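Chemist: The structure follows.
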Amino acid sequence: MMNYALTPVHFLERAGRYFPKVELVSLLPDRSEHRTTYGALHRRARALAAALQAAGLKRGDRVATLMWNHYAHLEAYFGIPAAGGVIHPLNLRLHIDDIAYIAKHAEDRFLIVDDALIPLAEELRARYSFERVIAAPLAGRGVPAPYDDYEAMLRGAPAEFTYPDFDENEPLGMCYTSGTTGRPRGVVYSHRSTTIHTYNIVLMGGMAITHRDVVCACVPMFHVNAWGMPYGCAMAGAKQVFLGPHLDPITILDTFEREQVTCSGGVPTVWIGVLDALDREPKRWHLSPGLRLVIGGSAAPETMIRGFDKHGITVLHAWGMTETSPTCTLAPLKHGLENLPQDEQYAYRAKQGIPHPFVELRVCNANGEVASDGRTMGEIQVRGPYVTERYYKMEPDPEKFTPDGWLRTGDVAAVDDEGYIKITDRTKDLIKSGGEWISSVDLENEIMGHPAVAEAAVIAVPDPRWDERPLAAIVLKPGARATAEEIDAFLAGKFPRWWLPDQYAFIEEIPRTSTGKFLKSALRERFHDRNAAGLVRIKREHVRQAR
Ligand code: ADP
């Protein structure tokens, strides 16, 4: 067979040639609407590549982006790698010092920024010097010095452009972990790894994206390539819809209705609000009948999956991480399981699922691989062609990689006899009570099933007798009422008694990470003191823990 490099740049050529009229719709930061096509993307991304080369971009140079989700970011997704560069989207929700640390660590040479984000870029420039800064005038106005005008660069790009002779193992992009569990670390994606990952998400049984789809990623493009959706859509020729910074439920639903979106993806915190809006006004939106949502990034509660089903929207639960490009597993109902009673079907769909092709997955504890009994917990370890083998500019860390070459994910799960994994926690979030493990994820998912509860996060708090005990922080739905005793009674019978939280806190909102996940470290800090304000203690005799 021919030695033909696997590169997503091929998807740009294919979309430009075979799907030139398919639309790319963007809601820009100022809420104006922008419509373009794959035909224009093809021209403009190549022009960007030619302009970057003319500006001195060399093979392997990092080009940072500081941009929301829209057509120009998509042009960067293709144009930078097409020039032989490495696209490095910066997570603009991080603290400015962290953004600067990341840009410096990655040695980003150029920066492309939305004009709406120039104030942020200026803060960044005060901490780190890019060789060249380019601003995309989305609002149609000129850009201030020292920024180069992105549109002028594209207009002035050399007409002739030929692709470099790609080696598929060359870097294409990079992303830093958001630092939920420590300092951000860089992960470098290659042309090959990104291609294989793209195939997996486009595959049937995955997001199953075809040219008939209209896809709206509700994941920022600065977070793990928006889970690969922009590349996957281009590969399939699917229409794409971008929401800029507008991820509020009403904008999401209005856009889904207007563009008849058929597929989307995002973290549960985005969908909590969307489901609530649908429950309040079930007749307001006329959504595409085949709409499916891929939910991941943190656990999708079973009640969320059931809730969307009631509106005719199918949820597919997925798991992955920055280190794994990210998508590793998906939980479609396997053939045969659809004959099970409904409750059991939902239990499967609420798990994180089975691995994609080429992803090898094992669950290990101190004694080696655990039994597939659906109960014994261990750490998920993975390997495969789109799993990183080290962090950028760091020696392989034995805490993160096993001696036999698997990535230690830090996620704790049990695996059942069908091969579905169910994540019970991150190692650092597990509650260790009297030598036993309590799953904070199971508890919070159940609490979120209470009709008065909007959101819940369960954390470990130090306990002199048991080492750690669970505390539940709860946000009630607007206008709803519930007491700690009522929630406690709701949980009783669903868990062993010693799992039930000893303390409850009703709070205004749960702090979030830059990627929209619950920031449990902030809750741990706030409630570290057993006598912290607002805590309700449940008085109960402690039962002896089962061993
Ligand atoms: P960070 O590690 O900085 O939070 P990532 O986006 O890489 O950023 O997060 C990956 C982590 O998110 C996983 O290790 C896991 O703990 C969690 N996660 C992702 N998907 C799921 C899911 N479906 N269920 C539970 N946890 C998930």
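Ordered as shown in the structure tokens, chains take letters A, B, and onward, while each chain numbers its residues from 1 and ligands are numbered from 1 in the order shown.
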Using only C-alpha atoms and all ligand atoms, find each residue with an atom at most 7 Å away from ligand 1 and format the answer as a compact mmCIF listing (two decimals) with C-alpha atoms, in the first residue's frame.
Modeler:
# COMPACT_ATOMS: atom_id res chain seq x y z
CA THR A 177 -4.80 20.21 31.06
CA SER A 178 -6.92 22.73 32.87
CA GLY A 179 -5.02 22.18 36.05
CA THR A 180 -7.92 20.90 38.15
CA THR A 181 -5.40 18.60 39.75
CA ILE A 295 -22.43 14.42 27.31
CA GLY A 296 -19.08 14.00 29.03
CA GLY A 297 -16.36 15.85 30.86
CA SER A 298 -17.99 14.82 34.10
CA ALA A 299 -20.63 12.21 34.86
CA ALA A 300 -24.03 12.64 33.21
CA HIS A 317 -22.59 9.38 27.65
CA ALA A 318 -18.87 9.68 26.84
CA TRP A 319 -15.63 9.76 28.80
CA GLY A 320 -12.20 11.06 28.01
CA MET A 321 -9.53 13.52 29.02
CA THR A 322 -7.10 16.03 27.54
CA GLU A 323 -4.40 13.34 27.58
CA GLN A 352 -19.31 5.74 30.75
CA THR A 409 -5.99 8.33 34.33
CA GLY A 410 -6.58 8.96 38.03
CA ASP A 411 -10.23 7.97 37.48
CA ILE A 423 -16.65 5.89 37.00
CA ASP A 425 -14.67 9.13 41.22
CA ARG A 426 -11.38 10.75 40.60
Chemist: Could I get the residues of range 16-46 of chain A with an atom no further than 10 Å from an atom of range 111-123 of chain A, each paired with its nearest atom pair and that distance in Å to one decimal, using only C-alpha atoms, sorted by chain and residue number, as a Markdown table?
Modeler:
| residue | atom | partner | partner_atom | distance |
| --- | --- | --- | --- | --- |
| A:Leu28 | CA | A:Ala116 | CA | 9.5 |
| A:Pro29 | CA | A:Ala116 | CA | 7.0 |
| A:Asp30 | CA | A:Ala116 | CA | 8.4 |
Chemist: Mind dumping the selected residues with N, CA, C and O atoms as an mmCIF file, in the first residue's frame?
Modeler:
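Saved as again_14.cif:
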data_model
loop_
_atom_site.group_PDB
_atom_site.id
_atom_site.type_symbol
_atom_site.label_atom_id
_atom_site.label_comp_id
_atom_site.auth_asym_id
_atom_site.auth_seq_id
_atom_site.Cartn_x
_atom_site.Cartn_y
_atom_site.Cartn_z
ATOM 1 N N LEU A 28 -21.533 35.458 16.643
ATOM 2 C CA LEU A 28 -20.290 36.141 17.038
ATOM 3 C C LEU A 28 -20.438 36.758 18.431
ATOM 4 O O LEU A 28 -21.563 36.865 18.951
ATOM 5 N N PRO A 29 -19.315 37.178 19.034
ATOM 6 C CA PRO A 29 -19.394 37.728 20.392
ATOM 7 C C PRO A 29 -20.427 38.850 20.525
ATOM 8 O O PRO A 29 -21.113 38.933 21.545
ATOM 9 N N ASP A 30 -20.601 39.689 19.481
ATOM 10 C CA ASP A 30 -21.594 40.772 19.593
ATOM 11 C C ASP A 30 -23.006 40.297 19.236
ATOM 12 O O ASP A 30 -23.894 41.116 19.024
#
Chemist: Using only C-alpha atoms, which residue out of A:Pro282, A:Pro341, A:Gly384, A:Gly493 lies closest to Cys328 in chain A?
Modeler: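 Comparing A:Pro282, A:Pro341, A:Gly384, A:Gly493 against Cys328 in chain A, the winner is A:Gly384.
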Chemist: My list of candidates is A:Asn445, A:Thr314, A:Thr327, A:Ser514. Which is closest to Tyr199 in chain A when distances are computed with only C-alpha atoms?
Modeler: A:Thr327
Chemist: Please return as a CSV table (one decimal) with N, CA, C and O atoms, in the first residue's frame: the residues of range 20-238 of chain A that backbone DSSP assigns to helix (DSSP H, G or I).
Modeler:
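Final output, saved to out-v5.csv:
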chain,number,residue,atom,x,y,z
A,38,TYR,N,-18.1,25.6,3.5
A,38,TYR,CA,-16.8,24.9,3.4
A,38,TYR,C,-16.0,25.4,2.2
A,38,TYR,O,-14.7,25.3,2.3
A,39,GLY,N,-16.7,25.8,1.2
A,39,GLY,CA,-15.9,26.3,0.0
A,39,GLY,C,-15.0,27.5,0.5
A,39,GLY,O,-13.9,27.6,0.1
A,40,ALA,N,-15.6,28.4,1.2
A,40,ALA,CA,-14.9,29.6,1.7
A,40,ALA,C,-13.9,29.2,2.7
A,40,ALA,O,-12.7,29.7,2.7
A,41,LEU,N,-14.2,28.3,3.6
A,41,LEU,CA,-13.2,27.8,4.6
A,41,LEU,C,-12.0,27.3,3.9
A,41,LEU,O,-10.9,27.6,4.3
A,42,HIS,N,-12.2,26.5,2.8
A,42,HIS,CA,-11.1,25.9,2.1
A,42,HIS,C,-10.2,27.0,1.6
A,42,HIS,O,-9.0,27.0,1.8
A,43,ARG,N,-10.8,28.0,0.9
A,43,ARG,CA,-9.9,29.1,0.4
A,43,ARG,C,-9.2,29.9,1.5
A,43,ARG,O,-8.0,30.2,1.4
A,44,ARG,N,-10.0,30.2,2.5
A,44,ARG,CA,-9.4,31.1,3.6
A,44,ARG,C,-8.4,30.4,4.4
A,44,ARG,O,-7.4,31.0,4.9
A,45,ALA,N,-8.6,29.1,4.8
A,45,ALA,CA,-7.7,28.4,5.6
A,45,ALA,C,-6.3,28.2,4.9
A,45,ALA,O,-5.3,28.4,5.4
A,46,ARG,N,-6.5,28.0,3.5
A,46,ARG,CA,-5.2,27.9,2.7
A,46,ARG,C,-4.5,29.3,2.7
A,46,ARG,O,-3.3,29.4,2.7
A,47,ALA,N,-5.3,30.3,2.6
A,47,ALA,CA,-4.7,31.7,2.5
A,47,ALA,C,-4.0,32.0,3.9
A,47,ALA,O,-2.9,32.5,3.9
A,48,LEU,N,-4.7,31.5,5.0
A,48,LEU,CA,-4.1,31.7,6.3
A,48,LEU,C,-2.7,31.0,6.3
A,48,LEU,O,-1.7,31.5,6.8
A,49,ALA,N,-2.7,29.8,5.8
A,49,ALA,CA,-1.5,29.0,5.9
A,49,ALA,C,-0.4,29.7,5.1
A,49,ALA,O,0.7,29.8,5.5
A,50,ALA,N,-0.8,30.2,3.9
A,50,ALA,CA,0.2,30.9,3.0
A,50,ALA,C,0.7,32.1,3.7
A,50,ALA,O,1.9,32.4,3.7
A,51,ALA,N,-0.2,32.9,4.4
A,51,ALA,CA,0.2,34.1,5.0
A,51,ALA,C,1.1,33.8,6.2
A,51,ALA,O,2.1,34.6,6.5
A,52,LEU,N,0.8,32.8,7.0
A,52,LEU,CA,1.6,32.4,8.1
A,52,LEU,C,3.0,32.1,7.7
A,52,LEU,O,4.1,32.5,8.3
A,53,GLN,N,3.1,31.3,6.6
A,53,GLN,CA,4.4,30.9,6.1
A,53,GLN,C,5.2,32.2,5.6
A,53,GLN,O,6.4,32.3,5.9
A,54,ALA,N,4.5,33.1,4.9
A,54,ALA,CA,5.1,34.3,4.5
A,54,ALA,C,5.6,35.2,5.7
A,54,ALA,O,6.6,35.9,5.6
A,71,TYR,N,-16.2,30.8,12.9
A,71,TYR,CA,-15.6,30.4,11.6
A,71,TYR,C,-14.1,30.7,11.6
A,71,TYR,O,-13.3,29.9,11.0
A,72,ALA,N,-13.7,31.8,12.2
A,72,ALA,CA,-12.3,32.2,12.1
A,72,ALA,C,-11.4,31.2,12.9
A,72,ALA,O,-10.3,30.9,12.6
A,73,HIS,N,-12.0,30.7,14.1
A,73,HIS,CA,-11.2,29.7,14.8
A,73,HIS,C,-11.1,28.4,14.0
A,73,HIS,O,-10.1,27.7,14.1
A,74,LEU,N,-12.2,28.1,13.3
A,74,LEU,CA,-12.1,26.9,12.4
A,74,LEU,C,-11.1,27.1,11.4
A,74,LEU,O,-10.3,26.1,11.0
A,75,GLU,N,-11.0,28.3,10.8
A,75,GLU,CA,-9.9,28.5,9.8
A,75,GLU,C,-8.5,28.3,10.4
A,75,GLU,O,-7.6,27.7,9.8
A,76,ALA,N,-8.4,28.7,11.7
A,76,ALA,CA,-7.1,28.5,12.4
A,76,ALA,C,-6.9,27.0,12.6
A,76,ALA,O,-5.7,26.5,12.5
A,77,TYR,N,-7.9,26.3,13.0
A,77,TYR,CA,-7.8,24.8,13.2
A,77,TYR,C,-7.2,24.1,12.0
A,77,TYR,O,-6.5,23.2,12.1
A,78,PHE,N,-7.5,24.6,10.8
A,78,PHE,CA,-7.0,24.0,9.6
A,78,PHE,C,-5.8,24.8,9.0
A,78,PHE,O,-4.8,24.2,8.6
A,79,GLY,N,-5.8,26.1,9.1
A,79,GLY,CA,-4.8,26.9,8.4
A,79,GLY,C,-3.4,26.7,9.1
A,79,GLY,O,-2.4,26.7,8.4
A,80,ILE,N,-3.4,26.7,10.4
A,80,ILE,CA,-2.1,26.6,11.1
A,80,ILE,C,-1.4,25.2,10.8
A,80,ILE,O,-0.3,25.2,10.4
A,81,PRO,N,-2.1,24.1,11.0
A,81,PRO,CA,-1.5,22.8,10.7
A,81,PRO,C,-1.2,22.7,9.2
A,81,PRO,O,-0.2,22.2,8.8
A,82,ALA,N,-2.0,23.3,8.3
A,82,ALA,CA,-1.7,23.3,6.9
A,82,ALA,C,-0.4,24.0,6.6
A,82,ALA,O,0.3,23.6,5.6
A,96,ILE,N,-5.1,34.8,34.2
A,96,ILE,CA,-4.2,35.3,33.2
A,96,ILE,C,-2.8,34.9,33.5
A,96,ILE,O,-2.0,34.6,32.6
A,97,ASP,N,-2.4,34.7,34.8
A,97,ASP,CA,-1.0,34.2,35.0
A,97,ASP,C,-0.9,32.8,34.5
A,97,ASP,O,0.2,32.4,34.1
A,98,ASP,N,-1.9,32.0,34.6
A,98,ASP,CA,-1.9,30.6,34.1
A,98,ASP,C,-1.8,30.6,32.6
A,98,ASP,O,-1.0,29.8,32.0
A,99,ILE,N,-2.6,31.5,32.0
A,99,ILE,CA,-2.5,31.6,30.5
A,99,ILE,C,-1.1,31.9,30.1
A,99,ILE,O,-0.5,31.3,29.1
A,100,ALA,N,-0.5,32.9,30.7
A,100,ALA,CA,0.8,33.3,30.4
A,100,ALA,C,1.9,32.2,30.6
A,100,ALA,O,2.8,32.0,29.8
A,101,TYR,N,1.7,31.5,31.7
A,101,TYR,CA,2.6,30.4,32.0
A,101,TYR,C,2.5,29.3,30.9
A,101,TYR,O,3.6,28.8,30.4
A,102,ILE,N,1.3,29.1,30.4
A,102,ILE,CA,1.1,28.1,29.4
A,102,ILE,C,1.7,28.5,28.1
A,102,ILE,O,2.4,27.8,27.4
A,103,ALA,N,1.5,29.8,27.7
A,103,ALA,CA,2.0,30.3,26.4
A,103,ALA,C,3.5,30.3,26.5
A,103,ALA,O,4.2,29.9,25.5
A,104,LYS,N,4.1,30.6,27.6
A,104,LYS,CA,5.5,30.6,27.8
A,104,LYS,C,6.1,29.2,27.7
A,104,LYS,O,7.1,28.9,27.0
A,105,HIS,N,5.4,28.3,28.4
A,105,HIS,CA,5.9,26.9,28.5
A,105,HIS,C,5.9,26.3,27.1
A,105,HIS,O,6.8,25.6,26.7
A,106,ALA,N,4.8,26.6,26.3
A,106,ALA,CA,4.7,26.1,25.0
A,106,ALA,C,5.6,26.8,24.0
A,106,ALA,O,5.7,26.4,22.8
A,115,ASP,N,-11.0,40.2,17.9
A,115,ASP,CA,-10.9,41.6,18.3
A,115,ASP,C,-11.6,41.8,19.7
A,115,ASP,O,-11.2,42.6,20.5
A,116,ALA,N,-12.7,41.0,19.9
A,116,ALA,CA,-13.4,41.2,21.2
A,116,ALA,C,-12.5,40.8,22.4
A,116,ALA,O,-12.8,41.2,23.5
A,117,LEU,N,-11.5,40.0,22.1
A,117,LEU,CA,-10.6,39.6,23.3
A,117,LEU,C,-9.3,40.3,23.3
A,117,LEU,O,-8.4,39.9,24.1
A,118,ILE,N,-9.2,41.4,22.6
A,118,ILE,CA,-7.9,42.2,22.6
A,118,ILE,C,-7.6,42.7,24.1
A,118,ILE,O,-6.4,42.6,24.5
A,119,PRO,N,-8.6,43.1,24.9
A,119,PRO,CA,-8.2,43.5,26.3
A,119,PRO,C,-7.5,42.3,27.0
A,119,PRO,O,-6.5,42.6,27.7
A,120,LEU,N,-8.0,41.1,26.8
A,120,LEU,CA,-7.4,40.0,27.5
A,120,LEU,C,-6.0,39.7,26.9
A,120,LEU,O,-5.0,39.4,27.6
A,121,ALA,N,-5.9,39.8,25.6
A,121,ALA,CA,-4.6,39.6,24.9
A,121,ALA,C,-3.6,40.7,25.4
A,121,ALA,O,-2.4,40.4,25.5
A,122,GLU,N,-4.1,41.9,25.7
A,122,GLU,CA,-3.1,42.9,26.2
A,122,GLU,C,-2.6,42.5,27.6
A,122,GLU,O,-1.4,42.7,27.9
A,123,GLU,N,-3.5,42.0,28.4
A,123,GLU,CA,-3.0,41.5,29.7
A,123,GLU,C,-2.0,40.4,29.6
A,123,GLU,O,-1.0,40.3,30.3
A,124,LEU,N,-2.2,39.5,28.6
A,124,LEU,CA,-1.3,38.4,28.3
A,124,LEU,C,0.0,39.0,27.8
A,124,LEU,O,1.1,38.5,28.2
A,125,ARG,N,-0.1,40.0,26.9
A,125,ARG,CA,1.2,40.5,26.3
A,125,ARG,C,2.0,41.2,27.4
A,125,ARG,O,3.2,41.3,27.2
A,150,TYR,N,-6.0,40.4,10.6
A,150,TYR,CA,-6.2,39.0,10.0
A,150,TYR,C,-6.7,39.0,8.6
A,150,TYR,O,-6.3,38.3,7.7
A,151,GLU,N,-7.8,39.8,8.4
A,151,GLU,CA,-8.4,39.9,7.1
A,151,GLU,C,-7.4,40.4,6.0
A,151,GLU,O,-7.3,39.9,4.9
A,152,ALA,N,-6.6,41.4,6.4
A,152,ALA,CA,-5.7,42.0,5.5
A,152,ALA,C,-4.6,40.9,5.1
A,152,ALA,O,-4.1,40.8,4.0
A,153,MET,N,-4.2,40.2,6.2
A,153,MET,CA,-3.2,39.1,5.9
A,153,MET,C,-3.7,38.1,4.9
A,153,MET,O,-3.0,37.6,4.0
A,154,LEU,N,-5.0,37.7,5.1
A,154,LEU,CA,-5.6,36.7,4.2
A,154,LEU,C,-5.7,37.3,2.7
A,154,LEU,O,-5.4,36.6,1.8
A,155,ARG,N,-6.1,38.6,2.7
A,155,ARG,CA,-6.2,39.2,1.3
A,155,ARG,C,-4.8,39.3,0.7
A,155,ARG,O,-4.7,39.1,-0.5
A,191,HIS,N,-0.7,14.7,13.7
A,191,HIS,CA,-1.6,14.6,12.6
A,191,HIS,C,-2.3,13.2,12.6
A,191,HIS,O,-3.5,13.1,12.4
A,192,ARG,N,-1.5,12.2,12.9
A,192,ARG,CA,-2.0,10.9,12.9
A,192,ARG,C,-3.0,10.6,14.0
A,192,ARG,O,-4.1,10.1,13.8
A,193,SER,N,-2.6,11.1,15.2
A,193,SER,CA,-3.5,10.8,16.4
A,193,SER,C,-4.8,11.5,16.2
A,193,SER,O,-5.9,11.0,16.5
A,194,THR,N,-4.7,12.7,15.7
A,194,THR,CA,-6.0,13.5,15.5
A,194,THR,C,-6.8,12.9,14.4
A,194,THR,O,-8.1,12.8,14.5
A,195,THR,N,-6.2,12.3,13.4
A,195,THR,CA,-7.0,11.7,12.3
A,195,THR,C,-7.7,10.5,12.9
A,195,THR,O,-8.9,10.3,12.6
A,196,ILE,N,-7.0,9.6,13.6
A,196,ILE,CA,-7.6,8.4,14.1
A,196,ILE,C,-8.7,8.8,15.1
A,196,ILE,O,-9.8,8.2,15.1
A,197,HIS,N,-8.5,9.8,16.0
A,197,HIS,CA,-9.5,10.2,16.9
A,197,HIS,C,-10.7,10.7,16.1
A,197,HIS,O,-11.9,10.4,16.5
A,198,THR,N,-10.5,11.4,15.1
A,198,THR,CA,-11.6,12.0,14.3
A,198,THR,C,-12.4,10.8,13.7
A,198,THR,O,-13.7,10.9,13.8
A,199,TYR,N,-11.8,9.8,13.2
A,199,TYR,CA,-12.5,8.7,12.7
A,199,TYR,C,-13.4,8.1,13.8
A,199,TYR,O,-14.5,7.7,13.5
A,200,ASN,N,-12.8,8.0,15.0
A,200,ASN,CA,-13.6,7.3,16.0
A,200,ASN,C,-14.9,8.1,16.4
A,200,ASN,O,-15.9,7.5,16.6
A,201,ILE,N,-14.7,9.5,16.4
A,201,ILE,CA,-16.0,10.2,16.8
A,201,ILE,C,-17.0,10.2,15.7
A,201,ILE,O,-18.2,10.4,16.0
A,202,VAL,N,-16.5,10.1,14.5
A,202,VAL,CA,-17.5,10.2,13.4
A,202,VAL,C,-18.1,8.8,13.1
A,202,VAL,O,-19.2,8.7,12.6
A,224,VAL,N,-9.6,20.9,24.4
A,224,VAL,CA,-9.4,19.6,23.7
A,224,VAL,C,-10.1,19.6,22.4
A,224,VAL,O,-10.8,18.6,22.1
A,225,ASN,N,-9.7,20.6,21.5
A,225,ASN,CA,-10.3,20.6,20.2
A,225,ASN,C,-11.8,20.4,20.1
A,225,ASN,O,-12.3,19.8,19.1
A,226,ALA,N,-12.5,21.0,21.1
A,226,ALA,CA,-13.9,20.9,21.1
A,226,ALA,C,-14.3,19.4,20.9
A,226,ALA,O,-15.3,19.1,20.2
A,227,TRP,N,-13.6,18.5,21.6
A,227,TRP,CA,-13.8,17.1,21.5
A,227,TRP,C,-13.7,16.5,20.1
A,227,TRP,O,-14.2,15.5,19.8
A,228,GLY,N,-13.0,17.2,19.3
A,228,GLY,CA,-12.8,16.7,17.9
A,228,GLY,C,-13.9,17.0,16.9
A,228,GLY,O,-13.8,16.7,15.8
A,229,MET,N,-15.0,17.7,17.4
A,229,MET,CA,-16.1,17.9,16.6
A,229,MET,C,-15.8,18.7,15.3
A,229,MET,O,-16.3,18.3,14.2
A,230,PRO,N,-15.1,19.8,15.4
A,230,PRO,CA,-14.8,20.6,14.2
A,230,PRO,C,-14.1,19.7,13.1
A,230,PRO,O,-14.5,19.8,11.9
A,231,TYR,N,-13.2,18.9,13.5
A,231,TYR,CA,-12.5,18.1,12.5
A,231,TYR,C,-13.5,17.0,12.0
A,231,TYR,O,-13.5,16.7,10.8
A,232,GLY,N,-14.2,16.4,12.9
A,232,GLY,CA,-15.1,15.3,12.5
A,232,GLY,C,-16.2,15.8,11.6
A,232,GLY,O,-16.5,15.1,10.6
A,233,CYS,N,-16.7,17.0,11.8
A,233,CYS,CA,-17.7,17.5,10.9
A,233,CYS,C,-17.1,17.8,9.5
A,233,CYS,O,-17.8,17.5,8.5
A,234,ALA,N,-15.9,18.3,9.4
A,234,ALA,CA,-15.3,18.6,8.1
A,234,ALA,C,-15.1,17.3,7.4
A,234,ALA,O,-15.3,17.2,6.2
A,235,MET,N,-14.6,16.3,8.2
A,235,MET,CA,-14.4,15.0,7.5
A,235,MET,C,-15.7,14.4,6.9
A,235,MET,O,-15.7,13.9,5.8
A,236,ALA,N,-16.8,14.6,7.6
A,236,ALA,CA,-18.1,14.1,7.2
A,236,ALA,C,-18.8,15.0,6.2
A,236,ALA,O,-19.7,14.6,5.5
